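**Student:** Supplied structure: upload.pdb, PDB, N, CA and C atoms.
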MODEL        1
ATOM      1  N   MET A   3      -1.336   7.216  10.701  1.00  0.00           N
ATOM      2  CA  MET A   3      -2.122   6.037  10.371  1.00  0.00           C
ATOM      3  C   MET A   3      -3.553   6.177  10.862  1.00  0.00           C
ATOM      4  N   LEU A   4      -3.707   6.729  12.048  1.00  0.00           N
ATOM      5  CA  LEU A   4      -5.051   6.889  12.595  1.00  0.00           C
ATOM      6  C   LEU A   4      -5.880   7.833  11.730  1.00  0.00           C
ATOM      7  N   GLU A   5      -5.269   8.920  11.292  1.00  0.00           N
ATOM      8  CA  GLU A   5      -5.989   9.869  10.435  1.00  0.00           C
ATOM      9  C   GLU A   5      -6.487   9.181   9.170  1.00  0.00           C
ATOM     10  N   ASP A   6      -5.634   8.379   8.545  1.00  0.00           N
ATOM     11  CA  ASP A   6      -6.036   7.656   7.342  1.00  0.00           C
ATOM     12  C   ASP A   6      -7.115   6.630   7.640  1.00  0.00           C
ATOM     13  N   ARG A   7      -6.990   5.945   8.750  1.00  0.00           N
ATOM     14  CA  ARG A   7      -7.984   4.922   9.110  1.00  0.00           C
ATOM     15  C   ARG A   7      -9.355   5.550   9.325  1.00  0.00           C
ATOM     16  N   VAL A   8      -9.380   6.691  10.002  1.00  0.00           N
ATOM     17  CA  VAL A   8     -10.651   7.393  10.219  1.00  0.00           C
ATOM     18  C   VAL A   8     -11.242   7.836   8.880  1.00  0.00           C
ATOM     19  N   ALA A   9     -10.395   8.364   7.991  1.00  0.00           N
ATOM     20  CA  ALA A   9     -10.879   8.784   6.670  1.00  0.00           C
ATOM     21  C   ALA A   9     -11.474   7.604   5.911  1.00  0.00           C
ATOM     22  N   ILE A  10     -10.780   6.483   5.910  1.00  0.00           N
ATOM     23  CA  ILE A  10     -11.263   5.283   5.209  1.00  0.00           C
ATOM     24  C   ILE A  10     -12.604   4.832   5.776  1.00  0.00           C
ATOM     25  N   ASN A  11     -12.697   4.808   7.092  1.00  0.00           N
ATOM     26  CA  ASN A  11     -13.942   4.361   7.726  1.00  0.00           C
ATOM     27  C   ASN A  11     -15.086   5.353   7.524  1.00  0.00           C
ATOM     28  N   SER A  12     -14.751   6.571   7.112  1.00  0.00           N
ATOM     29  CA  SER A  12     -15.765   7.591   6.809  1.00  0.00           C
ATOM     30  C   SER A  12     -16.042   7.669   5.308  1.00  0.00           C
ATOM     31  N   GLY A  13     -15.417   6.764   4.539  1.00  0.00           N
ATOM     32  CA  GLY A  13     -15.624   6.740   3.101  1.00  0.00           C
ATOM     33  C   GLY A  13     -14.872   7.825   2.355  1.00  0.00           C
ATOM     34  N   GLN A  14     -13.862   8.410   2.984  1.00  0.00           N
ATOM     35  CA  GLN A  14     -13.095   9.482   2.363  1.00  0.00           C
ATOM     36  C   GLN A  14     -11.733   8.986   1.883  1.00  0.00           C
ATOM     37  N   LYS A  15     -11.064   9.815   1.083  1.00  0.00           N
ATOM     38  CA  LYS A  15      -9.705   9.510   0.648  1.00  0.00           C
ATOM     39  C   LYS A  15      -8.751   9.756   1.804  1.00  0.00           C
ATOM     40  N   GLN A  16      -7.614   9.117   1.749  1.00  0.00           N
ATOM     41  CA  GLN A  16      -6.633   9.251   2.820  1.00  0.00           C
ATOM     42  C   GLN A  16      -5.512  10.217   2.465  1.00  0.00           C
ATOM     43  N   ARG A  17      -4.884  10.744   3.500  1.00  0.00           N
ATOM     44  CA  ARG A  17      -3.847  11.761   3.329  1.00  0.00           C
ATOM     45  C   ARG A  17      -2.459  11.153   3.119  1.00  0.00           C
ATOM     46  N   PHE A  18      -2.108  10.143   3.887  1.00  0.00           N
ATOM     47  CA  PHE A  18      -0.757   9.583   3.876  1.00  0.00           C
ATOM     48  C   PHE A  18      -0.635   8.281   3.080  1.00  0.00           C
ATOM     49  N   GLY A  19      -1.730   7.629   2.792  1.00  0.00           N
ATOM     50  CA  GLY A  19      -1.697   6.378   2.044  1.00  0.00           C
ATOM     51  C   GLY A  19      -1.285   5.178   2.867  1.00  0.00           C
ATOM     52  N   THR A  20      -1.596   5.195   4.163  1.00  0.00           N
ATOM     53  CA  THR A  20      -1.174   4.095   5.036  1.00  0.00           C
ATOM     54  C   THR A  20      -2.112   2.896   5.006  1.00  0.00           C
ATOM     55  N   GLN A  21      -3.325   3.079   4.528  1.00  0.00           N
ATOM     56  CA  GLN A  21      -4.302   1.997   4.497  1.00  0.00           C
ATOM     57  C   GLN A  21      -4.362   1.443   3.079  1.00  0.00           C
ATOM     58  N   VAL A  22      -4.141   0.153   2.945  1.00  0.00           N
ATOM     59  CA  VAL A  22      -4.016  -0.430   1.609  1.00  0.00           C
ATOM     60  C   VAL A  22      -5.063  -1.497   1.328  1.00  0.00           C
ATOM     61  N   THR A  23      -5.230  -1.744   0.058  1.00  0.00           N
ATOM     62  CA  THR A  23      -5.937  -2.899  -0.456  1.00  0.00           C
ATOM     63  C   THR A  23      -5.049  -3.411  -1.581  1.00  0.00           C
ATOM     64  N   TYR A  24      -5.476  -4.426  -2.304  1.00  0.00           N
ATOM     65  CA  TYR A  24      -4.610  -5.031  -3.317  1.00  0.00           C
ATOM     66  C   TYR A  24      -5.329  -5.104  -4.654  1.00  0.00           C
ATOM     67  N   ASN A  25      -4.587  -4.771  -5.711  1.00  0.00           N
ATOM     68  CA  ASN A  25      -5.154  -4.815  -7.062  1.00  0.00           C
ATOM     69  C   ASN A  25      -5.075  -6.231  -7.634  1.00  0.00           C
ATOM     70  N   LYS A  26      -5.452  -6.405  -8.885  1.00  0.00           N
ATOM     71  CA  LYS A  26      -5.467  -7.742  -9.499  1.00  0.00           C
ATOM     72  C   LYS A  26      -4.087  -8.353  -9.624  1.00  0.00           C
ATOM     73  N   ALA A  27      -3.044  -7.519  -9.646  1.00  0.00           N
ATOM     74  CA  ALA A  27      -1.662  -8.004  -9.691  1.00  0.00           C
ATOM     75  C   ALA A  27      -1.135  -8.278  -8.284  1.00  0.00           C
ATOM     76  N   GLU A  28      -2.024  -8.151  -7.282  1.00  0.00           N
ATOM     77  CA  GLU A  28      -1.693  -8.363  -5.869  1.00  0.00           C
ATOM     78  C   GLU A  28      -0.688  -7.341  -5.347  1.00  0.00           C
ATOM     79  N   GLN A  29      -0.705  -6.150  -5.928  1.00  0.00           N
ATOM     80  CA  GLN A  29       0.118  -5.050  -5.448  1.00  0.00           C
ATOM     81  C   GLN A  29      -0.705  -4.193  -4.493  1.00  0.00           C
ATOM     82  N   ALA A  30      -0.040  -3.682  -3.462  1.00  0.00           N
ATOM     83  CA  ALA A  30      -0.707  -2.762  -2.551  1.00  0.00           C
ATOM     84  C   ALA A  30      -1.074  -1.487  -3.297  1.00  0.00           C
ATOM     85  N   VAL A  31      -2.283  -1.009  -3.048  1.00  0.00           N
ATOM     86  CA  VAL A  31      -2.758   0.260  -3.595  1.00  0.00           C
ATOM     87  C   VAL A  31      -3.503   0.988  -2.477  1.00  0.00           C
ATOM     88  N   PRO A  32      -3.564   2.312  -2.530  1.00  0.00           N
ATOM     89  CA  PRO A  32      -4.256   3.040  -1.461  1.00  0.00           C
ATOM     90  C   PRO A  32      -5.759   2.782  -1.481  1.00  0.00           C
ATOM     91  N   LYS A  33      -6.253   2.343  -0.358  1.00  0.00           N
ATOM     92  CA  LYS A  33      -7.692   2.112  -0.232  1.00  0.00           C
ATOM     93  C   LYS A  33      -8.413   3.457  -0.277  1.00  0.00           C
ATOM     94  N   ASN A  34      -9.415   3.580  -1.094  1.00  0.00           N
ATOM     95  CA  ASN A  34     -10.235   4.790  -1.282  1.00  0.00           C
ATOM     96  C   ASN A  34      -9.476   5.940  -1.944  1.00  0.00           C
ATOM     97  N   GLY A  35      -8.223   5.739  -2.339  1.00  0.00           N
ATOM     98  CA  GLY A  35      -7.468   6.795  -3.007  1.00  0.00           C
ATOM     99  C   GLY A  35      -6.799   7.766  -2.053  1.00  0.00           C
ATOM    100  N   LEU A  36      -6.132   8.751  -2.622  1.00  0.00           N
ATOM    101  CA  LEU A  36      -5.381   9.749  -1.861  1.00  0.00           C
ATOM    102  C   LEU A  36      -5.958  11.140  -2.098  1.00  0.00           C
ATOM    103  N   THR A  37      -5.846  11.990  -1.092  1.00  0.00           N
ATOM    104  CA  THR A  37      -6.329  13.368  -1.242  1.00  0.00           C
ATOM    105  C   THR A  37      -5.410  14.185  -2.136  1.00  0.00           C
ATOM    106  N   ASP A  38      -4.102  13.876  -2.139  1.00  0.00           N
ATOM    107  CA  ASP A  38      -3.138  14.630  -2.944  1.00  0.00           C
ATOM    108  C   ASP A  38      -2.007  13.701  -3.381  1.00  0.00           C
ATOM    109  N   SER A  39      -2.247  12.936  -4.413  1.00  0.00           N
ATOM    110  CA  SER A  39      -1.270  11.938  -4.852  1.00  0.00           C
ATOM    111  C   SER A  39       0.024  12.570  -5.371  1.00  0.00           C
ATOM    112  N   MET A  40      -0.037  13.779  -5.864  1.00  0.00           N
ATOM    113  CA  MET A  40       1.162  14.438  -6.392  1.00  0.00           C
ATOM    114  C   MET A  40       2.149  14.801  -5.285  1.00  0.00           C
ATOM    115  N   ASN A  41       1.672  15.030  -4.080  1.00  0.00           N
ATOM    116  CA  ASN A  41       2.534  15.490  -2.993  1.00  0.00           C
ATOM    117  C   ASN A  41       2.621  14.516  -1.822  1.00  0.00           C
ATOM    118  N   VAL A  42       2.158  13.291  -2.012  1.00  0.00           N
ATOM    119  CA  VAL A  42       2.124  12.340  -0.902  1.00  0.00           C
ATOM    120  C   VAL A  42       3.523  12.024  -0.379  1.00  0.00           C
ATOM    121  N   ASP A  43       4.515  11.909  -1.250  1.00  0.00           N
ATOM    122  CA  ASP A  43       5.870  11.612  -0.773  1.00  0.00           C
ATOM    123  C   ASP A  43       6.439  12.770   0.045  1.00  0.00           C
ATOM    124  N   LYS A  44       6.190  13.982  -0.382  1.00  0.00           N
ATOM    125  CA  LYS A  44       6.657  15.157   0.371  1.00  0.00           C
ATOM    126  C   LYS A  44       6.034  15.154   1.773  1.00  0.00           C
ATOM    127  N   LEU A  45       4.755  14.880   1.847  1.00  0.00           N
ATOM    128  CA  LEU A  45       4.048  14.831   3.124  1.00  0.00           C
ATOM    129  C   LEU A  45       4.583  13.696   3.994  1.00  0.00           C
ATOM    130  N   ARG A  46       4.805  12.547   3.395  1.00  0.00           N
ATOM    131  CA  ARG A  46       5.311  11.393   4.147  1.00  0.00           C
ATOM    132  C   ARG A  46       6.685  11.696   4.737  1.00  0.00           C
ATOM    133  N   VAL A  47       7.550  12.373   3.973  1.00  0.00           N
ATOM    134  CA  VAL A  47       8.882  12.746   4.475  1.00  0.00           C
ATOM    135  C   VAL A  47       8.758  13.695   5.661  1.00  0.00           C
ATOM    136  N   GLU A  48       7.864  14.667   5.566  1.00  0.00           N
ATOM    137  CA  GLU A  48       7.657  15.641   6.650  1.00  0.00           C
ATOM    138  C   GLU A  48       7.290  14.947   7.969  1.00  0.00           C
ATOM    139  N   TYR A  49       6.612  13.816   7.884  1.00  0.00           N
ATOM    140  CA  TYR A  49       6.166  13.102   9.076  1.00  0.00           C
ATOM    141  C   TYR A  49       7.036  11.890   9.401  1.00  0.00           C
ATOM    142  N   GLY A  50       8.184  11.767   8.722  1.00  0.00           N
ATOM    143  CA  GLY A  50       9.122  10.687   9.019  1.00  0.00           C
ATOM    144  C   GLY A  50       8.681   9.315   8.541  1.00  0.00           C
ATOM    145  N   LEU A  51       7.831   9.274   7.553  1.00  0.00           N
ATOM    146  CA  LEU A  51       7.359   8.004   7.003  1.00  0.00           C
ATOM    147  C   LEU A  51       8.213   7.619   5.796  1.00  0.00           C
ATOM    148  N   PRO A  52       8.321   6.325   5.505  1.00  0.00           N
ATOM    149  CA  PRO A  52       9.064   5.915   4.304  1.00  0.00           C
ATOM    150  C   PRO A  52       8.343   6.401   3.052  1.00  0.00           C
ATOM    151  N   SER A  53       9.074   6.431   1.947  1.00  0.00           N
ATOM    152  CA  SER A  53       8.464   6.875   0.688  1.00  0.00           C
ATOM    153  C   SER A  53       7.268   5.987   0.344  1.00  0.00           C
ATOM    154  N   PHE A  54       6.402   6.537  -0.467  1.00  0.00           N
ATOM    155  CA  PHE A  54       5.201   5.821  -0.906  1.00  0.00           C
ATOM    156  C   PHE A  54       5.587   4.492  -1.551  1.00  0.00           C
ATOM    157  N   LYS A  55       6.540   4.531  -2.487  1.00  0.00           N
ATOM    158  CA  LYS A  55       6.963   3.324  -3.198  1.00  0.00           C
ATOM    159  C   LYS A  55       7.573   2.303  -2.238  1.00  0.00           C
ATOM    160  N   GLU A  56       8.412   2.759  -1.336  1.00  0.00           N
ATOM    161  CA  GLU A  56       9.036   1.848  -0.370  1.00  0.00           C
ATOM    162  C   GLU A  56       7.970   1.168   0.500  1.00  0.00           C
ATOM    163  N   TYR A  57       7.046   1.962   1.012  1.00  0.00           N
ATOM    164  CA  TYR A  57       5.985   1.429   1.869  1.00  0.00           C
ATOM    165  C   TYR A  57       5.106   0.440   1.112  1.00  0.00           C
ATOM    166  N   TYR A  58       4.719   0.793  -0.116  1.00  0.00           N
ATOM    167  CA  TYR A  58       3.848  -0.080  -0.889  1.00  0.00           C
ATOM    168  C   TYR A  58       4.561  -1.353  -1.330  1.00  0.00           C
ATOM    169  N   ASN A  59       5.847  -1.287  -1.580  1.00  0.00           N
ATOM    170  CA  ASN A  59       6.608  -2.506  -1.870  1.00  0.00           C
ATOM    171  C   ASN A  59       6.717  -3.395  -0.633  1.00  0.00           C
ATOM    172  N   GLN A  60       6.884  -2.787   0.544  1.00  0.00           N
ATOM    173  CA  GLN A  60       6.905  -3.568   1.791  1.00  0.00           C
ATOM    174  C   GLN A  60       5.574  -4.269   2.004  1.00  0.00           C
ATOM    175  N   MET A  61       4.485  -3.545   1.818  1.00  0.00           N
ATOM    176  CA  MET A  61       3.157  -4.122   2.017  1.00  0.00           C
ATOM    177  C   MET A  61       2.880  -5.227   0.995  1.00  0.00           C
ATOM    178  N   THR A  62       3.290  -5.016  -0.247  1.00  0.00           N
ATOM    179  CA  THR A  62       3.109  -6.010  -1.300  1.00  0.00           C
ATOM    180  C   THR A  62       3.893  -7.272  -0.970  1.00  0.00           C
ATOM    181  N   THR A  63       5.129  -7.113  -0.506  1.00  0.00           N
ATOM    182  CA  THR A  63       5.969  -8.254  -0.149  1.00  0.00           C
ATOM    183  C   THR A  63       5.384  -9.022   1.034  1.00  0.00           C
ATOM    184  N   MET A  64       4.935  -8.316   2.066  1.00  0.00           N
ATOM    185  CA  MET A  64       4.329  -8.991   3.224  1.00  0.00           C
ATOM    186  C   MET A  64       3.069  -9.749   2.815  1.00  0.00           C
ATOM    187  N   HIS A  65       2.250  -9.116   1.981  1.00  0.00           N
ATOM    188  CA  HIS A  65       1.023  -9.759   1.496  1.00  0.00           C
ATOM    189  C   HIS A  65       1.368 -11.042   0.730  1.00  0.00           C
ATOM    190  N   PHE A  66       2.400 -10.969  -0.103  1.00  0.00           N
ATOM    191  CA  PHE A  66       2.825 -12.141  -0.858  1.00  0.00           C
ATOM    192  C   PHE A  66       3.300 -13.246   0.093  1.00  0.00           C
ATOM    193  N   GLU A  67       4.154 -12.894   1.052  1.00  0.00           N
ATOM    194  CA  GLU A  67       4.699 -13.901   1.970  1.00  0.00           C
ATOM    195  C   GLU A  67       3.607 -14.562   2.810  1.00  0.00           C
ATOM    196  N   MET A  68       2.622 -13.797   3.239  1.00  0.00           N
ATOM    197  CA  MET A  68       1.531 -14.350   4.054  1.00  0.00           C
ATOM    198  C   MET A  68       0.614 -15.264   3.244  1.00  0.00           C
ATOM    199  N   ASN A  69       0.588 -15.073   1.927  1.00  0.00           N
ATOM    200  CA  ASN A  69      -0.313 -15.838   1.063  1.00  0.00           C
ATOM    201  C   ASN A  69       0.438 -16.619  -0.001  1.00  0.00           C
ATOM    202  N   LYS A  70       1.692 -16.914   0.251  1.00  0.00           N
ATOM    203  CA  LYS A  70       2.588 -17.495  -0.742  1.00  0.00           C
ATOM    204  C   LYS A  70       2.041 -18.772  -1.378  1.00  0.00           C
ATOM    205  N   LYS A  71       1.532 -19.681  -0.581  1.00  0.00           N
ATOM    206  CA  LYS A  71       1.026 -20.947  -1.123  1.00  0.00           C
ATOM    207  C   LYS A  71      -0.153 -20.718  -2.075  1.00  0.00           C
ATOM    208  N   ILE A  72      -1.027 -19.824  -1.715  1.00  0.00           N
ATOM    209  CA  ILE A  72      -2.179 -19.512  -2.567  1.00  0.00           C
ATOM    210  C   ILE A  72      -1.712 -18.906  -3.881  1.00  0.00           C
ATOM    211  N   PHE A  73      -0.779 -17.951  -3.791  1.00  0.00           N
ATOM    212  CA  PHE A  73      -0.275 -17.302  -4.997  1.00  0.00           C
ATOM    213  C   PHE A  73       0.471 -18.280  -5.891  1.00  0.00           C
ATOM    214  N   GLN A  74       1.268 -19.161  -5.301  1.00  0.00           N
ATOM    215  CA  GLN A  74       2.002 -20.138  -6.096  1.00  0.00           C
ATOM    216  C   GLN A  74       1.058 -21.071  -6.838  1.00  0.00           C
ATOM    217  N   LYS A  75      -0.057 -21.439  -6.218  1.00  0.00           N
ATOM    218  CA  LYS A  75      -1.053 -22.266  -6.899  1.00  0.00           C
ATOM    219  C   LYS A  75      -1.653 -21.530  -8.094  1.00  0.00           C
ATOM    220  N   ARG A  76      -1.667 -20.195  -8.009  1.00  0.00           N
ATOM    221  CA  ARG A  76      -2.194 -19.370  -9.101  1.00  0.00           C
ATOM    222  C   ARG A  76      -1.110 -18.985 -10.097  1.00  0.00           C
ATOM    223  N   GLY A  77       0.111 -19.503  -9.887  1.00  0.00           N
ATOM    224  CA  GLY A  77       1.197 -19.209 -10.808  1.00  0.00           C
ATOM    225  C   GLY A  77       1.978 -17.934 -10.526  1.00  0.00           C
ATOM    226  N   ILE A  78       1.726 -17.334  -9.391  1.00  0.00           N
ATOM    227  CA  ILE A  78       2.447 -16.114  -8.992  1.00  0.00           C
ATOM    228  C   ILE A  78       3.590 -16.546  -8.074  1.00  0.00           C
ATOM    229  N   MET A  79       4.816 -16.445  -8.551  1.00  0.00           N
ATOM    230  CA  MET A  79       5.969 -16.971  -7.812  1.00  0.00           C
ATOM    231  C   MET A  79       6.735 -15.915  -7.015  1.00  0.00           C
ATOM    232  N   GLU A  80       6.462 -14.662  -7.284  1.00  0.00           N
ATOM    233  CA  GLU A  80       7.120 -13.587  -6.526  1.00  0.00           C
ATOM    234  C   GLU A  80       6.241 -12.346  -6.566  1.00  0.00           C
ATOM    235  N   PRO A  81       6.418 -11.464  -5.584  1.00  0.00           N
ATOM    236  CA  PRO A  81       5.590 -10.247  -5.581  1.00  0.00           C
ATOM    237  C   PRO A  81       5.964  -9.342  -6.738  1.00  0.00           C
ATOM    238  N   LYS A  82       4.983  -8.645  -7.263  1.00  0.00           N
ATOM    239  CA  LYS A  82       5.219  -7.667  -8.337  1.00  0.00           C
ATOM    240  C   LYS A  82       5.380  -6.308  -7.670  1.00  0.00           C
ATOM    241  N   LEU A  83       6.636  -5.847  -7.606  1.00  0.00           N
ATOM    242  CA  LEU A  83       6.939  -4.613  -6.898  1.00  0.00           C
ATOM    243  C   LEU A  83       6.900  -3.409  -7.836  1.00  0.00           C
ATOM    244  N   TYR A  84       6.703  -2.249  -7.237  1.00  0.00           N
ATOM    245  CA  TYR A  84       6.723  -0.987  -7.989  1.00  0.00           C
ATOM    246  C   TYR A  84       8.179  -0.623  -8.278  1.00  0.00           C
ATOM    247  N   LYS A  85       8.422  -0.081  -9.463  1.00  0.00           N
ATOM    248  CA  LYS A  85       9.779   0.330  -9.845  1.00  0.00           C
ATOM    249  C   LYS A  85       9.967   1.809  -9.671  1.00  0.00           C
TER     250      LYS A  85
ENDMDL
END
Would you encode the structure as structure tokens?
**Tutor:**
Amino acid sequence: MLEDRVAINSGQKQRFGTQVTYNKAEQAVPKNGLTDSMNVDKLRVEYGLPSFKEYYNQMTTMHFEMNKKIFQKRGIMEPKLYK
């Protein structure tokens, strides 16, 4: 996480995808992009991290729960998770 945070703060892409922002559908997406999106899951497994999809669904769900009232006012009744 620290490596990704330093990369983000330096305006670079991240290696593990631990730092997120949210798209218009309020889904977690990697902030500043990834250095190797094709192999990010392999790298995450090597370091004992959950899969990219699992992590991003967790982040999307937490974001939804923390902002539930705001989203419901906008007609968003549940988080839009990655399949």
**Student:** If you run DSSP on this backbone, which residues of chain A come out as alpha helix (DSSP H), and could you give them as number ranges by chain?
**Tutor:** A: 4-11, 42-48, 54-68, 70-75
**Student:** Starting from the PyMOL selection byres (((chain A and resi 78 and name CA) around 12) and name CA), expand the selection into actual residues of this file and give them as an MDAnalysis selection string.
**Tutor:** chainID A and resid 26:29 66:67 69:77 79:82
**Student:** Report as a list in words the full result of the PyMOL selection byres ((chain A and resi 44-58) around 7) when it is applied to this structure.
**Tutor:**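 That expression, the PyMOL selection byres ((chain A and resi 44-58) around 7), corresponds here to Phe18, Gln29, Ala30, Val31, Met40, Asn41, Val42, Asp43, Asn59, Gln60, Met61, Thr62, Thr63, Leu83 and Tyr84 of chain A.
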**Student:** At a cut-off of 8 Å, using all atoms listed in the file, what residues contact A:Pro32? Leave out same-chain residues fewer than 3 positions from it and give the result as an mmCIF file with N, CA and C atoms, in the frame of the given file.
**Tutor:**
data_model
loop_
_atom_site.group_PDB
_atom_site.id
_atom_site.type_symbol
_atom_site.label_atom_id
_atom_site.label_comp_id
_atom_site.auth_asym_id
_atom_site.auth_seq_id
_atom_site.Cartn_x
_atom_site.Cartn_y
_atom_site.Cartn_z
ATOM 1 N N GLN A 16 -7.614 9.117 1.749
ATOM 2 C CA GLN A 16 -6.633 9.251 2.820
ATOM 3 C C GLN A 16 -5.512 10.217 2.465
ATOM 4 N N PHE A 18 -2.108 10.143 3.887
ATOM 5 C CA PHE A 18 -0.757 9.583 3.876
ATOM 6 C C PHE A 18 -0.635 8.281 3.080
ATOM 7 N N GLY A 19 -1.730 7.629 2.792
ATOM 8 C CA GLY A 19 -1.697 6.378 2.044
ATOM 9 C C GLY A 19 -1.285 5.178 2.867
ATOM 10 N N THR A 20 -1.596 5.195 4.163
ATOM 11 C CA THR A 20 -1.174 4.095 5.036
ATOM 12 C C THR A 20 -2.112 2.896 5.006
ATOM 13 N N GLN A 21 -3.325 3.079 4.528
ATOM 14 C CA GLN A 21 -4.302 1.997 4.497
ATOM 15 C C GLN A 21 -4.362 1.443 3.079
ATOM 16 N N VAL A 22 -4.141 0.153 2.945
ATOM 17 C CA VAL A 22 -4.016 -0.430 1.609
ATOM 18 C C VAL A 22 -5.063 -1.497 1.328
ATOM 19 N N THR A 23 -5.230 -1.744 0.058
ATOM 20 C CA THR A 23 -5.937 -2.899 -0.456
ATOM 21 C C THR A 23 -5.049 -3.411 -1.581
ATOM 22 N N TYR A 24 -5.476 -4.426 -2.304
ATOM 23 C CA TYR A 24 -4.610 -5.031 -3.317
ATOM 24 C C TYR A 24 -5.329 -5.104 -4.654
ATOM 25 N N ASN A 25 -4.587 -4.771 -5.711
ATOM 26 C CA ASN A 25 -5.154 -4.815 -7.062
ATOM 27 C C ASN A 25 -5.075 -6.231 -7.634
ATOM 28 N N GLN A 29 -0.705 -6.150 -5.928
ATOM 29 C CA GLN A 29 0.118 -5.050 -5.448
ATOM 30 C C GLN A 29 -0.705 -4.193 -4.493
ATOM 31 N N GLY A 35 -8.223 5.739 -2.339
ATOM 32 C CA GLY A 35 -7.468 6.795 -3.007
ATOM 33 C C GLY A 35 -6.799 7.766 -2.053
ATOM 34 N N LEU A 36 -6.132 8.751 -2.622
ATOM 35 C CA LEU A 36 -5.381 9.749 -1.861
ATOM 36 C C LEU A 36 -5.958 11.140 -2.098
ATOM 37 N N TYR A 58 4.719 0.793 -0.116
ATOM 38 C CA TYR A 58 3.848 -0.080 -0.889
ATOM 39 C C TYR A 58 4.561 -1.353 -1.330
#
**Student:** One decimal, in Å: what's the spacing between atom CA of A:Gln14 and atom CA of A:Lys33?
**Tutor:**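 Calculated distance between atom CA of A:Gln14 and atom CA of A:Lys33 is 9.5 Å.
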**Student:** Could you give me, as a list in words, each residue of chain A that DSSP assigns to strand (DSSP E) when run on this structure's backbone?
**Tutor:**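 Strand (DSSP E) assignments inside chain A correspond to Val22, Thr23, Tyr24, Ala30, Val31 and Pro32 of chain A.
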**Student:** To one decimal place in Å, what is the distance between atom CA of A:Ala9 and atom CA of A:Lys85?
**Tutor:**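 Atom-to-atom, atom CA of A:Ala9 to atom CA of A:Lys85, that is 27.8 Å.
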**Student:** Go ahead and compute the interatomic distance for atom CA of A:Ile10 and atom N of A:Asp38, in Å to one decimal.
**Tutor:**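 For atom CA of A:Ile10 relative to atom N of A:Asp38, the distance reads 13.4 Å.
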